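Here's run23.csv, which has CSV, C-alpha atoms:
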```csv
chain,number,residue,atom,x,y,z
A,275,MET,CA,-30.7,-10.4,-1.8
A,276,GLN,CA,-31.7,-9.6,1.7
A,277,PHE,CA,-33.7,-6.6,3.0
A,278,PHE,CA,-32.1,-4.1,5.4
A,279,ASP,CA,-33.7,-1.2,7.2
A,280,GLU,CA,-32.4,2.0,8.9
A,281,LEU,CA,-31.7,0.1,12.2
A,282,THR,CA,-29.4,-2.3,10.3
A,283,TRP,CA,-27.7,0.7,8.7
A,284,VAL,CA,-27.1,2.3,12.1
A,285,LYS,CA,-25.8,-1.0,13.4
A,286,TRP,CA,-23.3,-1.1,10.5
A,287,GLN,CA,-22.2,2.4,11.2
A,288,GLY,CA,-21.5,1.3,14.8
A,289,TRP,CA,-19.4,-1.5,13.5
A,290,ALA,CA,-17.5,0.9,11.2
A,291,ARG,CA,-16.6,3.1,14.2
A,292,ALA,CA,-15.5,0.2,16.3
A,293,ILE,CA,-13.4,-1.1,13.4
A,294,GLU,CA,-11.8,2.4,13.0
A,295,ALA,CA,-10.9,2.5,16.8
A,296,ASP,CA,-9.4,-1.0,16.8
A,297,LEU,CA,-7.5,-0.7,13.5
A,298,SER,CA,-6.2,2.8,14.4
A,299,ARG,CA,-4.4,1.3,17.4
A,300,VAL,CA,-2.9,-1.5,15.2
A,301,VAL,CA,-1.7,1.1,12.7
A,302,ASP,CA,-0.2,3.2,15.5
A,303,ASP,CA,1.5,0.1,16.9
A,304,ARG,CA,3.0,-0.5,13.5
A,305,ASN,CA,4.3,3.1,13.2
A,306,ASP,CA,5.7,3.0,16.8
A,307,PHE,CA,7.5,-0.3,16.1
A,308,ASP,CA,9.0,1.0,12.9
A,309,THR,CA,10.3,4.0,14.8
A,310,PHE,CA,11.7,1.7,17.5
A,311,ALA,CA,13.3,-0.6,14.9
A,312,SER,CA,15.1,2.2,13.1
A,313,VAL,CA,16.6,3.3,16.4
A,314,VAL,CA,17.7,-0.3,17.1
A,315,ASP,CA,19.2,-0.7,13.6
A,316,GLU,CA,21.3,2.4,14.1
A,317,ASN,CA,22.4,1.6,17.7
A,318,LEU,CA,22.4,-2.2,17.8
A,319,ASP,CA,26.1,-2.6,19.0
A,320,TRP,CA,25.5,-0.1,21.8
A,321,ILE,CA,22.3,-1.7,22.9
A,322,LEU,CA,23.8,-5.2,22.9
A,323,ALA,CA,26.9,-4.0,24.7
A,324,ASN,CA,24.5,-2.8,27.5
A,325,GLN,CA,22.7,-6.1,27.8
A,326,GLY,CA,19.7,-4.9,25.8
A,327,GLY,CA,19.2,-8.1,23.8
A,328,SER,CA,16.6,-9.6,26.1
A,329,PHE,CA,14.5,-6.4,26.0
A,330,LEU,CA,14.7,-6.3,22.2
A,331,ASP,CA,13.4,-9.9,22.1
A,332,PHE,CA,10.6,-9.0,24.4
A,333,VAL,CA,9.6,-6.0,22.2
A,334,ARG,CA,9.7,-8.1,19.1
A,335,ARG,CA,7.5,-10.9,20.6
A,336,SER,CA,5.1,-8.4,22.0
A,337,TYR,CA,4.7,-6.6,18.7
A,338,VAL,CA,4.2,-9.7,16.6
A,339,ALA,CA,1.6,-11.1,19.1
A,340,ASN,CA,-0.2,-7.8,19.4
A,341,VAL,CA,-0.4,-7.0,15.7
A,342,SER,CA,-1.2,-10.6,14.7
A,343,MET,CA,-4.1,-10.7,17.1
A,344,GLY,CA,-5.3,-7.3,15.9
A,345,ILE,CA,-5.3,-8.6,12.4
A,346,ARG,CA,-7.0,-11.8,13.5
A,347,ARG,CA,-9.8,-9.7,15.1
A,348,GLN,CA,-10.6,-8.1,11.8
A,349,LEU,CA,-10.6,-11.4,9.9
A,350,LYS,CA,-13.2,-13.2,12.1
A,351,ALA,CA,-16.7,-12.9,10.8
A,352,GLN,CA,-18.5,-14.7,13.6
A,353,LYS,CA,-22.0,-13.9,14.7
A,354,ASP,CA,-21.2,-12.0,17.8
A,355,SER,CA,-18.0,-10.3,16.7
A,356,ILE,CA,-17.4,-7.0,15.0
A,357,SER,CA,-14.8,-7.1,12.2
A,358,LEU,CA,-13.9,-5.6,8.9
A,359,MET,CA,-14.5,-9.0,7.3
A,360,GLY,CA,-17.9,-9.2,8.8
A,361,LEU,CA,-18.8,-5.7,7.6
A,362,MET,CA,-17.6,-6.5,4.1
A,363,ASN,CA,-19.6,-9.7,4.0
A,364,ALA,CA,-22.7,-7.8,5.1
A,365,VAL,CA,-22.2,-5.2,2.3
A,366,CYS,CA,-21.6,-8.0,-0.2
A,367,THR,CA,-24.8,-9.8,0.8
A,368,HIS,CA,-26.9,-6.6,0.4
A,369,ALA,CA,-25.0,-5.1,-2.5
A,370,ASP,CA,-27.9,-4.9,-4.9
A,371,LEU,CA,-30.0,-3.1,-2.4
A,372,ILE,CA,-27.4,-0.5,-1.5
A,373,THR,CA,-28.2,1.9,-4.3
A,374,PHE,CA,-26.9,5.5,-4.4
A,375,ASP,CA,-30.4,6.8,-4.0
A,376,ARG,CA,-31.0,4.8,-0.9
A,377,TYR,CA,-27.5,5.6,0.4
A,378,THR,CA,-28.3,9.3,0.3
A,379,THR,CA,-31.4,8.8,2.5
A,380,PHE,CA,-29.1,7.3,5.2
A,381,GLN,CA,-26.1,9.6,4.7
A,382,LYS,CA,-27.2,13.2,4.7
A,383,ALA,CA,-24.8,15.9,3.3
A,384,ALA,CA,-24.6,19.0,5.5
A,385,ALA,CA,-25.8,22.2,3.9
A,386,SER,CA,-22.4,23.7,4.6
A,387,ASP,CA,-20.6,21.1,2.6
A,388,ASN,CA,-18.8,22.6,-0.4
A,389,TRP,CA,-19.1,19.4,-2.4
A,390,ASP,CA,-21.1,16.2,-2.1
A,391,TRP,CA,-18.6,13.8,-0.5
A,392,ARG,CA,-21.1,11.0,-0.9
A,393,ILE,CA,-20.5,10.7,-4.7
A,394,PRO,CA,-16.7,9.8,-4.6
A,395,THR,CA,-17.2,7.8,-1.4
A,396,PHE,CA,-19.9,5.7,-2.9
A,397,ARG,CA,-17.9,5.1,-6.1
A,398,LYS,CA,-15.1,3.4,-4.0
A,399,LEU,CA,-17.5,0.5,-3.7
A,400,SER,CA,-19.4,0.9,-7.0
A,401,ASP,CA,-18.3,0.6,-10.6
A,402,ASP,CA,-21.4,2.4,-12.0
A,403,GLY,CA,-22.3,4.8,-9.2
A,404,ILE,CA,-25.8,3.3,-9.1
A,405,ALA,CA,-25.5,0.4,-6.7
A,406,VAL,CA,-22.7,-1.2,-4.7
A,407,THR,CA,-20.8,-3.6,-7.0
A,408,ARG,CA,-20.6,-7.1,-5.5
A,409,THR,CA,-17.4,-8.0,-7.3
A,410,VAL,CA,-15.7,-4.9,-6.0
A,411,VAL,CA,-16.4,-5.9,-2.4
A,412,GLU,CA,-15.6,-9.6,-3.2
A,413,SER,CA,-12.2,-8.5,-4.5
A,414,HIS,CA,-11.5,-6.6,-1.2
A,415,VAL,CA,-12.5,-9.8,0.8
A,416,ALA,CA,-10.3,-12.0,-1.4
A,417,GLU,CA,-7.2,-9.8,-1.1
A,418,VAL,CA,-7.6,-9.5,2.6
A,419,LYS,CA,-7.8,-13.3,2.9
A,420,ARG,CA,-4.8,-13.8,0.6
A,421,LEU,CA,-2.5,-11.5,2.5
A,422,ASN,CA,-3.4,-13.0,5.9
A,423,ILE,CA,-3.5,-16.8,5.4
A,424,GLU,CA,-0.3,-17.4,7.4
A,425,ILE,CA,-0.9,-14.6,9.9
A,426,GLU,CA,-4.3,-15.9,10.8
A,427,GLU,CA,-3.1,-19.5,11.2
A,428,PHE,CA,-0.2,-18.3,13.3
A,429,ALA,CA,-2.5,-16.1,15.5
A,430,ASP,CA,-5.0,-19.0,15.9
A,431,ARG,CA,-2.6,-21.8,16.6
A,432,VAL,CA,0.3,-20.2,18.3
A,433,ILE,CA,-0.8,-17.0,20.0
A,434,ALA,CA,-4.5,-17.4,20.8
A,435,HIS,CA,-4.3,-21.1,21.5
A,436,HIS,CA,-1.7,-23.7,22.1
A,437,ASP,CA,-3.0,-25.8,19.3
A,438,LYS,CA,-1.8,-29.5,19.3
A,439,ARG,CA,-1.7,-29.4,15.5
A,440,GLY,CA,1.0,-26.7,15.7
A,441,SER,CA,1.6,-24.4,12.8
A,442,ALA,CA,4.2,-24.3,10.0
A,443,ALA,CA,3.3,-20.7,9.4
A,444,GLU,CA,6.2,-18.2,10.0
A,445,VAL,CA,5.2,-14.6,10.2
A,446,SER,CA,7.7,-11.9,9.1
A,447,PHE,CA,7.8,-8.3,10.0
A,448,ASP,CA,7.4,-7.5,6.3
A,449,GLN,CA,4.2,-9.7,6.2
A,450,LEU,CA,2.8,-7.8,9.2
A,451,ARG,CA,3.7,-4.5,7.7
A,452,ALA,CA,2.1,-5.3,4.4
A,453,SER,CA,-1.1,-6.6,6.0
A,454,VAL,CA,-1.5,-3.6,8.3
A,455,ALA,CA,-1.0,-1.2,5.3
A,456,HIS,CA,-3.6,-3.1,3.3
A,457,PHE,CA,-6.1,-3.1,6.2
A,458,ASP,CA,-5.5,0.6,6.6
A,459,GLU,CA,-6.2,1.3,2.9
A,460,VAL,CA,-9.3,-1.0,2.6
A,461,ALA,CA,-10.9,-0.2,6.0
A,462,GLN,CA,-10.9,3.5,5.1
A,463,LYS,CA,-13.3,2.9,2.2
A,464,TYR,CA,-15.8,1.2,4.5
A,465,ILE,CA,-15.4,3.6,7.4
A,466,GLN,CA,-15.9,6.6,5.1
A,467,PHE,CA,-18.8,4.8,3.4
A,468,PHE,CA,-20.7,4.4,6.6
A,469,THR,CA,-19.6,7.3,8.7
A,470,GLY,CA,-18.7,10.0,6.2
A,471,ILE,CA,-15.4,10.5,8.1
A,472,GLN,CA,-12.6,11.6,5.7
A,473,MET,CA,-9.0,10.7,6.7
A,474,SER,CA,-7.1,13.9,6.1
A,475,ASP,CA,-3.7,12.1,6.1
A,476,GLU,CA,-5.1,9.0,4.3
A,477,THR,CA,-4.3,6.7,7.2
A,478,LEU,CA,-6.1,5.5,10.3
A,479,GLY,CA,-3.0,6.1,12.3
A,480,ALA,CA,-2.3,9.2,14.4
A,481,LYS,CA,-0.1,11.9,12.9
A,482,LEU,CA,3.6,11.2,13.8
A,483,LEU,CA,5.2,13.6,16.1
A,484,ASP,CA,7.8,16.0,14.6
A,485,ASP,CA,10.5,14.3,16.5
A,486,ALA,CA,9.3,10.7,17.2
A,487,PHE,CA,12.9,9.8,18.3
A,488,GLU,CA,13.1,12.3,21.2
A,489,VAL,CA,12.0,9.6,23.8
A,490,PHE,CA,15.1,7.5,22.9
A,491,ARG,CA,17.5,10.4,23.8
A,492,HIS,CA,16.7,10.1,27.5
A,493,PRO,CA,17.1,7.2,29.9
A,494,PHE,CA,13.9,5.6,31.2
A,495,ILE,CA,15.4,5.5,34.6
A,496,LYS,CA,15.9,9.0,35.9
A,497,PRO,CA,19.5,9.7,36.9
A,498,SER,CA,19.9,10.3,40.6
A,499,GLY,CA,20.2,13.9,41.7
A,500,THR,CA,18.0,15.3,38.9
A,501,GLY,CA,14.8,17.2,39.6
A,502,ALA,CA,11.2,16.1,39.0
```

Using structure tokens, write down the structure that the file contains.
Amino acid sequence: MQFFDELTWVKWQGWARAIEADLSRVVDDRNDFDTFASVVDENLDWILANQGGSFLDFVRRSYVANVSMGIRRQLKAQKDSISLMGLMNAVCTHADLITFDRYTTFQKAAASDNWDWRIPTFRKLSDDGIAVTRTVVESHVAEVKRLNIEIEEFADRVIAHHDKRGSAAEVSFDQLRASVAHFDEVAQKYIQFFTGIQMSDETLGAKLLDDAFEVFRHPFIKPSGTGA
């Protein structure tokens, strides 16, 4: 059990906001790629007939590298890095001291609030509503690690570094999608816990446009003779 003060709490709040900003981009990338992939699936013959294969490979490689590294950033719990894993480890270490009574001294409810959002938010990390339950946080840590063993190895040894050991890990789109979805779900608990921000759409990602496919109905290269 380690003591923590208000300055430490403020530091953790800053971590939560940084994690939200970073993971929001990863979730948006996943959503954009899924939209792109659905267009490709429906128009693959046309795309290949117009020599689009190389561009498709570029998009796939870029997506895998970008999302794998985004996941890797949230798995590293090093001293000078900010990550969801680091925040969960900190909460786990101080679990017995993070009581609901102390929580409410740091997280003030506005007088205009129609209900005390702190109660259900706290219960997401607590079985009894009295203090954070260490085993609950440990279960979040364990599941994040389980889902990302191969992704982390691939990101470390293939993307981040040209590791001489190589890697037998093969990362699929389904693995990346499952990992991002799980990060989205778990991260919200900690972001809400420390910042009070409630995700109206229950996701860190931006709301999808009514017609996310519109961009694909127009050529990227403007036809000659058209106006600005």

I'd like the contact shell of stretch 397-401 of chain A - 7 Å cut-off, all atoms listed in the file, skipping same-chain residues fewer than 4 positions apart - returned as a count of residues only.
7

In terms of the shortest atom-to-atom distance over all atoms listed in the file, which of A:Val415, A:Ala384, A:Leu281, A:Ala295 is closest to A:Cys366?
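Ranking A:Val415, A:Ala384, A:Leu281, A:Ala295 by distance to A:Cys366, first place goes to A:Val415.
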
Two-atom distance - atom CA of A:Ser357, atom CA of A:Gln449 (Å)
20.1 Å

Nearest to A:Asp448 by atom-to-atom distance, counting all atoms listed in the file, from A:Phe332, A:Phe494, A:Asp308, A:Gly344:
A:Asp308

Can you tell me, as a list in words, which residues sit within 9 Å of (3.4, -9.1, 7.7) in the file's frame, using only C-alpha atoms?
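I get Val338, Ser342, Leu421, Asn422, Ile425, Val445, Ser446, Phe447, Asp448, Gln449, Leu450, Arg451, Ala452, Ser453 and Val454 of chain A for the residues within 9 Å of that point.
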
Could I get stretch 409-420 of chain A rebuilt with all heavy atoms, written as a short mmCIF file (atom, residue, chain, number, x, y, z; two decimals), keeping the file's coordinate frame?
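Just written: out00.cif:
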```cif
data_model
loop_
_atom_site.label_atom_id
_atom_site.label_comp_id
_atom_site.auth_asym_id
_atom_site.auth_seq_id
_atom_site.Cartn_x
_atom_site.Cartn_y
_atom_site.Cartn_z
N THR A 409 -18.79 -7.51 -7.00
CA THR A 409 -17.40 -8.00 -7.30
C THR A 409 -16.35 -7.13 -6.76
O THR A 409 -15.25 -7.60 -6.47
CB THR A 409 -17.27 -8.16 -8.85
OG1 THR A 409 -17.58 -6.90 -9.48
CG2 THR A 409 -18.18 -9.24 -9.40
N VAL A 410 -16.63 -5.84 -6.60
CA VAL A 410 -15.70 -4.90 -6.00
C VAL A 410 -15.43 -5.34 -4.53
O VAL A 410 -14.29 -5.46 -4.06
CB VAL A 410 -16.12 -3.47 -6.08
CG1 VAL A 410 -15.24 -2.57 -5.21
CG2 VAL A 410 -16.09 -2.99 -7.52
N VAL A 411 -16.54 -5.55 -3.81
CA VAL A 411 -16.40 -5.90 -2.40
C VAL A 411 -15.79 -7.32 -2.29
O VAL A 411 -14.94 -7.56 -1.42
CB VAL A 411 -17.82 -5.93 -1.74
CG1 VAL A 411 -17.70 -6.30 -0.25
CG2 VAL A 411 -18.48 -4.57 -1.88
N GLU A 412 -16.18 -8.23 -3.18
CA GLU A 412 -15.60 -9.60 -3.20
C GLU A 412 -14.08 -9.52 -3.39
O GLU A 412 -13.34 -10.31 -2.81
CB GLU A 412 -16.26 -10.44 -4.23
CG GLU A 412 -17.68 -10.85 -3.88
CD GLU A 412 -18.37 -11.60 -5.01
OE1 GLU A 412 -17.92 -11.50 -6.17
OE2 GLU A 412 -19.39 -12.28 -4.75
N SER A 413 -13.64 -8.58 -4.24
CA SER A 413 -12.20 -8.50 -4.50
C SER A 413 -11.47 -7.97 -3.22
O SER A 413 -10.34 -8.39 -2.94
CB SER A 413 -11.92 -7.49 -5.64
OG SER A 413 -12.24 -6.15 -5.30
N HIS A 414 -12.12 -7.09 -2.45
CA HIS A 414 -11.50 -6.60 -1.20
C HIS A 414 -11.42 -7.81 -0.21
O HIS A 414 -10.40 -7.98 0.45
CB HIS A 414 -12.40 -5.54 -0.57
CG HIS A 414 -12.46 -4.29 -1.38
ND1 HIS A 414 -13.47 -3.34 -1.24
CD2 HIS A 414 -11.64 -3.81 -2.35
CE1 HIS A 414 -13.25 -2.35 -2.08
NE2 HIS A 414 -12.15 -2.60 -2.77
N VAL A 415 -12.48 -8.60 -0.12
CA VAL A 415 -12.50 -9.80 0.80
C VAL A 415 -11.39 -10.74 0.37
O VAL A 415 -10.63 -11.23 1.23
CB VAL A 415 -13.86 -10.47 0.73
CG1 VAL A 415 -13.81 -11.81 1.46
CG2 VAL A 415 -14.94 -9.58 1.34
N ALA A 416 -11.29 -11.04 -0.93
CA ALA A 416 -10.30 -12.00 -1.40
C ALA A 416 -8.89 -11.57 -1.14
O ALA A 416 -8.04 -12.38 -0.74
CB ALA A 416 -10.52 -12.26 -2.91
N GLU A 417 -8.60 -10.29 -1.33
CA GLU A 417 -7.20 -9.80 -1.10
C GLU A 417 -6.86 -9.79 0.35
O GLU A 417 -5.74 -10.14 0.71
CB GLU A 417 -7.09 -8.39 -1.72
CG GLU A 417 -5.69 -7.81 -1.65
CD GLU A 417 -4.66 -8.56 -2.48
OE1 GLU A 417 -5.02 -9.52 -3.18
OE2 GLU A 417 -3.48 -8.21 -2.40
N VAL A 418 -7.81 -9.43 1.20
CA VAL A 418 -7.60 -9.50 2.60
C VAL A 418 -7.25 -10.91 3.07
O VAL A 418 -6.32 -11.16 3.85
CB VAL A 418 -8.75 -8.90 3.43
CG1 VAL A 418 -8.64 -9.26 4.90
CG2 VAL A 418 -8.81 -7.39 3.28
N LYS A 419 -8.04 -11.85 2.58
CA LYS A 419 -7.80 -13.30 2.90
C LYS A 419 -6.45 -13.73 2.41
O LYS A 419 -5.70 -14.41 3.12
CB LYS A 419 -8.91 -14.13 2.34
CG LYS A 419 -10.25 -14.01 3.05
CD LYS A 419 -11.28 -14.94 2.43
CE LYS A 419 -12.60 -14.89 3.18
NZ LYS A 419 -13.63 -15.78 2.55
N ARG A 420 -6.10 -13.35 1.18
CA ARG A 420 -4.80 -13.80 0.60
C ARG A 420 -3.64 -13.33 1.36
O ARG A 420 -2.68 -14.07 1.58
CB ARG A 420 -4.75 -13.28 -0.87
CG ARG A 420 -3.54 -13.81 -1.63
CD ARG A 420 -3.35 -13.08 -2.95
NE ARG A 420 -2.93 -11.71 -2.76
CZ ARG A 420 -1.69 -11.34 -2.49
NH1 ARG A 420 -0.72 -12.24 -2.35
NH2 ARG A 420 -1.38 -10.06 -2.35
#
```
